[in-house]
Amino acid sequence: MARETENDAISALQRTAVFSSLDETDLRRLLADCPRCKLRAAETILRAGQVADRFFVILAGRVKVFKLSAKGDEQILHFYGSGETFGEAAMFSAAYFPAGAQAVEDTMLLVVRRDVVLKLIDGNSEIALGMMAGLSAKLRQFAGLIEDLSLKEVPARLAGVLLGESQDGKLRSFRLAQNRRQLAASIGTVAETLSRAFKKLKDAGIIDVRGTEVTIRDFDALGRMCRDD
């Protein structure tokens, strides 16, 4: 991982909903109050059931949040990158982390303890508003995930992911942000079924796929597939 500088850390904090209202002096004070944690790719950050007495800011790198079934099957709930947070909902409920988290690549985290957040909120009400905005966004993400997994077939779920990775039509060609196994887990299926979904979209002339490179041939059809499958 490239060396993460103080300015890089400040920039990541400024992009978070939670801390975007803080000025640079306060952000530097926050960095001084909170330890950083450096992880290698595939290293575990936390496990489901651990006491939730902190949350995490990603200063650099990428993290997946996931659940394991009783049989050990993985359901990826979300990927988070630099300038995003995870774990704050569990922390504020004073309970346990309901899911596990793992570094997808070399990652640097800021570990924010509950007492630090409460101290910040006491001195700055905008922190509380930022926290509420961040939690509301995550609630919408998980509501969308539940809807997709319960109501949509695999090709429609894949279409939604591809639209998202195209930045809603801004990119015609792009590399998948996940490998096939991760992508299958994130949409609640297995690699073989995912391959069939890719083939269905390709045979319909909607996409072209070469390894991890995807080209969208027909954005309108991809949007219809996402909505109507």
# chains A, B, ... in the order shown; residues from 1 in each chain; ligands from 1

call {"tool": "select_by_dssp", "arguments": {"residues": "range 70-227 of chain A", "states": "strand (DSSP E or B)", "output": "ChimeraX atom specification"}}
result
/A:74-81,85-86,96,100-103,107-113,173-175,207-210,213-216

call {"tool": "write_last_selection", "arguments": {"atoms": "C-alpha atoms", "output": "short mmCIF file (atom, residue, chain, number, x, y, z; two decimals), in the first residue's frame"}}
result
data_model
loop_
_atom_site.label_atom_id
_atom_site.label_comp_id
_atom_site.auth_asym_id
_atom_site.auth_seq_id
_atom_site.Cartn_x
_atom_site.Cartn_y
_atom_site.Cartn_z
CA GLU A 74 -20.83 -15.88 2.37
CA GLN A 75 -23.30 -13.09 1.61
CA ILE A 76 -21.49 -9.84 0.88
CA LEU A 77 -23.56 -6.95 2.21
CA HIS A 78 -21.44 -4.08 0.93
CA PHE A 79 -18.03 -2.91 -0.19
CA TYR A 80 -16.66 0.32 1.27
CA GLY A 81 -13.70 2.41 0.10
CA THR A 85 -17.38 4.42 7.30
CA PHE A 86 -18.76 1.19 8.70
CA TYR A 96 -22.69 -6.32 18.91
CA GLY A 100 -18.00 -9.46 9.81
CA ALA A 101 -15.59 -7.19 7.96
CA GLN A 102 -12.45 -7.99 6.01
CA ALA A 103 -9.87 -5.97 4.07
CA THR A 107 -6.09 -0.96 3.91
CA MET A 108 -5.60 1.78 6.51
CA LEU A 109 -8.41 2.34 9.01
CA LEU A 110 -9.07 5.00 11.63
CA VAL A 111 -10.58 3.37 14.72
CA VAL A 112 -13.10 5.75 16.34
CA ARG A 113 -14.19 4.77 19.84
CA SER A 173 -16.37 0.37 -20.51
CA PHE A 174 -14.91 -0.46 -17.10
CA ARG A 175 -13.17 -3.18 -15.11
CA ILE A 207 -23.03 -6.18 -22.80
CA ASP A 208 -19.70 -7.52 -23.96
CA VAL A 209 -17.31 -9.18 -21.50
CA ARG A 210 -13.60 -9.89 -21.88
CA GLU A 213 -13.47 -5.78 -18.74
CA VAL A 214 -17.17 -5.03 -19.34
CA THR A 215 -18.55 -2.90 -22.17
CA ILE A 216 -22.18 -1.78 -22.10
#

call {"tool": "residues_around", "arguments": {"residues": "Leu176 in chain A", "least_positions_apart": "3", "cutoff": "9 Å", "atoms": "only C-alpha atoms", "output": "number ranges by chain"}}
result
A: 162, 165, 179-180, 183, 212-214

call {"tool": "residues_around", "arguments": {"residues": "range 135-142 of chain A", "least_positions_apart": "4", "cutoff": "12 Å", "atoms": "only C-alpha atoms", "output": "list of chain:residue names"}}
result
A:Thr16, A:Ala17, A:Val18, A:Val65, A:Ile76, A:Leu77, A:His78, A:Phe79, A:Tyr80, A:Glu84, A:Thr85, A:Phe86, A:Gly87, A:Glu88, A:Ala89, A:Ala90, A:Met91, A:Phe92, A:Ala128, A:Leu129, A:Gly130, A:Met131, A:Ile146, A:Glu147, A:Asp148, A:Leu149, A:Ser186

call {"tool": "closest_residue", "arguments": {"among": "A:Gln14, A:Ser69, A:Ser20, A:Thr5", "to": "Ala133 in chain A", "atoms": "only C-alpha atoms"}}
result
A:Ser20

call {"tool": "residues_around", "arguments": {"residues": "range 222-227 of chain A", "least_positions_apart": "4", "cutoff": "7 Å", "atoms": "only C-alpha atoms", "output": "list of chain:residue names"}}
result
A:Ala156, A:Arg157, A:Ala159, A:Gly160, A:Ile206, A:Asp218

call {"tool": "residues_around", "arguments": {"residues": "Leu120 in chain A", "least_positions_apart": "4", "cutoff": "10 Å", "atoms": "only C-alpha atoms", "output": "PyMOL selection string"}}
result
chain A and resi 19+22+26+30+114-116+124-128

call {"tool": "write_last_selection", "arguments": {"atoms": "N, CA, C and O atoms", "output": "compact mmCIF listing (two decimals), in the first residue's frame"}}
result
# COMPACT_ATOMS: atom_id res chain seq x y z
N PHE A 19 -18.02 13.30 9.50
CA PHE A 19 -17.05 14.32 9.91
C PHE A 19 -16.88 15.46 8.90
O PHE A 19 -15.98 16.29 9.06
N LEU A 22 -16.49 19.14 10.19
CA LEU A 22 -15.35 19.56 11.02
C LEU A 22 -14.33 20.33 10.18
O LEU A 22 -14.09 20.01 9.01
N ASP A 26 -9.96 20.54 13.78
CA ASP A 26 -10.68 19.50 14.50
C ASP A 26 -10.38 18.11 13.94
O ASP A 26 -10.30 17.12 14.68
N LEU A 30 -8.90 14.92 15.82
CA LEU A 30 -9.53 13.59 15.77
C LEU A 30 -8.51 12.52 15.41
O LEU A 30 -8.47 11.45 16.03
N ARG A 114 -16.38 4.87 20.81
CA ARG A 114 -17.68 5.47 21.13
C ARG A 114 -17.53 6.72 21.99
O ARG A 114 -18.21 7.72 21.76
N ASP A 115 -16.63 6.70 22.97
CA ASP A 115 -16.49 7.85 23.85
C ASP A 115 -15.95 9.07 23.10
O ASP A 115 -16.31 10.22 23.41
N VAL A 116 -15.13 8.84 22.06
CA VAL A 116 -14.62 9.96 21.25
C VAL A 116 -15.77 10.61 20.47
O VAL A 116 -15.87 11.84 20.40
N ASN A 124 -20.41 19.64 19.09
CA ASN A 124 -20.75 20.02 17.73
C ASN A 124 -21.97 19.23 17.27
O ASN A 124 -21.87 18.06 16.90
N SER A 125 -23.14 19.87 17.29
CA SER A 125 -24.37 19.18 16.93
C SER A 125 -24.39 18.73 15.48
O SER A 125 -25.12 17.80 15.10
N GLU A 126 -23.58 19.37 14.61
CA GLU A 126 -23.56 18.97 13.21
C GLU A 126 -22.97 17.58 13.03
O GLU A 126 -23.26 16.90 12.03
N ILE A 127 -22.15 17.15 13.98
CA ILE A 127 -21.64 15.78 13.93
C ILE A 127 -22.81 14.80 14.02
O ILE A 127 -22.87 13.80 13.29
N ALA A 128 -23.75 15.07 14.92
CA ALA A 128 -24.92 14.21 15.07
C ALA A 128 -25.73 14.17 13.78
O ALA A 128 -26.22 13.11 13.36

call {"tool": "decode", "arguments": {"residues": "range 79-91 of chain A", "atoms": "all heavy atoms", "output": "mmCIF file, in the first residue's frame"}}
result
data_model
loop_
_atom_site.group_PDB
_atom_site.id
_atom_site.type_symbol
_atom_site.label_atom_id
_atom_site.label_comp_id
_atom_site.auth_asym_id
_atom_site.auth_seq_id
_atom_site.Cartn_x
_atom_site.Cartn_y
_atom_site.Cartn_z
ATOM 1 N N PHE A 79 -19.443 -3.272 -0.128
ATOM 2 C CA PHE A 79 -18.032 -2.910 -0.193
ATOM 3 C C PHE A 79 -17.919 -1.424 0.144
ATOM 4 O O PHE A 79 -18.736 -0.615 -0.314
ATOM 5 C CB PHE A 79 -17.464 -3.146 -1.601
ATOM 6 C CG PHE A 79 -17.238 -4.592 -1.930
ATOM 7 C CD1 PHE A 79 -18.208 -5.329 -2.586
ATOM 8 C CD2 PHE A 79 -16.054 -5.232 -1.576
ATOM 9 C CE1 PHE A 79 -18.001 -6.661 -2.893
ATOM 10 C CE2 PHE A 79 -15.834 -6.563 -1.873
ATOM 11 C CZ PHE A 79 -16.814 -7.285 -2.541
ATOM 12 N N TYR A 80 -16.908 -1.075 0.923
ATOM 13 C CA TYR A 80 -16.655 0.324 1.268
ATOM 14 C C TYR A 80 -15.222 0.684 0.905
ATOM 15 O O TYR A 80 -14.313 -0.137 1.009
ATOM 16 C CB TYR A 80 -16.882 0.563 2.762
ATOM 17 C CG TYR A 80 -18.305 0.366 3.212
ATOM 18 C CD1 TYR A 80 -18.673 -0.721 4.001
ATOM 19 C CD2 TYR A 80 -19.300 1.269 2.836
ATOM 20 C CE1 TYR A 80 -19.983 -0.900 4.406
ATOM 21 C CE2 TYR A 80 -20.613 1.094 3.238
ATOM 22 C CZ TYR A 80 -20.950 0.003 4.021
ATOM 23 O OH TYR A 80 -22.246 -0.177 4.417
ATOM 24 N N GLY A 81 -15.022 1.942 0.486
ATOM 25 C CA GLY A 81 -13.701 2.413 0.104
ATOM 26 C C GLY A 81 -13.291 3.656 0.866
ATOM 27 O O GLY A 81 -13.961 4.081 1.823
ATOM 28 N N SER A 82 -12.213 4.259 0.434
ATOM 29 C CA SER A 82 -11.653 5.438 1.101
ATOM 30 C C SER A 82 -12.694 6.541 1.246
ATOM 31 O O SER A 82 -13.436 6.847 0.315
ATOM 32 C CB SER A 82 -10.464 5.957 0.291
ATOM 33 O OG SER A 82 -9.959 7.151 0.846
ATOM 34 N N GLY A 83 -12.765 7.112 2.459
ATOM 35 C CA GLY A 83 -13.736 8.170 2.722
ATOM 36 C C GLY A 83 -15.094 7.652 3.152
ATOM 37 O O GLY A 83 -16.044 8.429 3.285
ATOM 38 N N GLU A 84 -15.217 6.336 3.404
ATOM 39 C CA GLU A 84 -16.481 5.759 3.869
ATOM 40 C C GLU A 84 -16.281 5.162 5.258
ATOM 41 O O GLU A 84 -15.157 4.916 5.710
ATOM 42 C CB GLU A 84 -16.983 4.703 2.885
ATOM 43 C CG GLU A 84 -17.355 5.277 1.525
ATOM 44 C CD GLU A 84 -17.983 4.252 0.609
ATOM 45 O OE1 GLU A 84 -17.259 3.370 0.134
ATOM 46 O OE2 GLU A 84 -19.206 4.353 0.353
ATOM 47 N N THR A 85 -17.395 4.919 5.922
ATOM 48 C CA THR A 85 -17.376 4.418 7.296
ATOM 49 C C THR A 85 -18.195 3.136 7.390
ATOM 50 O O THR A 85 -19.059 2.872 6.554
ATOM 51 C CB THR A 85 -17.975 5.460 8.265
ATOM 52 O OG1 THR A 85 -19.336 5.737 7.875
ATOM 53 C CG2 THR A 85 -17.179 6.755 8.235
ATOM 54 N N PHE A 86 -17.924 2.359 8.430
ATOM 55 C CA PHE A 86 -18.764 1.189 8.701
ATOM 56 C C PHE A 86 -18.714 0.877 10.194
ATOM 57 O O PHE A 86 -17.742 1.205 10.879
ATOM 58 C CB PHE A 86 -18.333 -0.028 7.865
ATOM 59 C CG PHE A 86 -16.936 -0.528 8.152
ATOM 60 C CD1 PHE A 86 -16.725 -1.589 9.023
ATOM 61 C CD2 PHE A 86 -15.832 0.049 7.540
ATOM 62 C CE1 PHE A 86 -15.439 -2.047 9.290
ATOM 63 C CE2 PHE A 86 -14.543 -0.404 7.801
ATOM 64 C CZ PHE A 86 -14.349 -1.450 8.671
ATOM 65 N N GLY A 87 -19.803 0.283 10.686
ATOM 66 C CA GLY A 87 -19.873 -0.125 12.084
ATOM 67 C C GLY A 87 -20.552 0.856 13.012
ATOM 68 O O GLY A 87 -20.781 0.552 14.183
ATOM 69 N N GLU A 88 -20.925 2.056 12.498
ATOM 70 C CA GLU A 88 -21.450 3.060 13.422
ATOM 71 C C GLU A 88 -22.843 2.736 13.946
ATOM 72 O O GLU A 88 -23.184 3.082 15.085
ATOM 73 C CB GLU A 88 -21.414 4.465 12.799
ATOM 74 C CG GLU A 88 -22.178 4.640 11.508
ATOM 75 C CD GLU A 88 -21.317 4.438 10.280
ATOM 76 O OE1 GLU A 88 -20.655 3.389 10.211
ATOM 77 O OE2 GLU A 88 -21.333 5.302 9.384
ATOM 78 N N ALA A 89 -23.689 2.069 13.140
ATOM 79 C CA ALA A 89 -25.040 1.739 13.604
ATOM 80 C C ALA A 89 -24.977 0.785 14.791
ATOM 81 O O ALA A 89 -25.662 0.982 15.805
ATOM 82 C CB ALA A 89 -25.854 1.127 12.469
ATOM 83 N N ALA A 90 -24.142 -0.228 14.688
ATOM 84 C CA ALA A 90 -23.992 -1.178 15.798
ATOM 85 C C ALA A 90 -23.407 -0.490 17.028
ATOM 86 O O ALA A 90 -23.825 -0.746 18.158
ATOM 87 C CB ALA A 90 -23.101 -2.340 15.361
ATOM 88 N N MET A 91 -22.457 0.410 16.803
ATOM 89 C CA MET A 91 -21.828 1.098 17.924
ATOM 90 C C MET A 91 -22.849 1.917 18.706
ATOM 91 O O MET A 91 -22.859 1.912 19.948
ATOM 92 C CB MET A 91 -20.704 2.009 17.430
ATOM 93 C CG MET A 91 -19.928 2.674 18.558
ATOM 94 S SD MET A 91 -18.960 4.095 17.988
ATOM 95 C CE MET A 91 -20.277 5.285 17.645
#
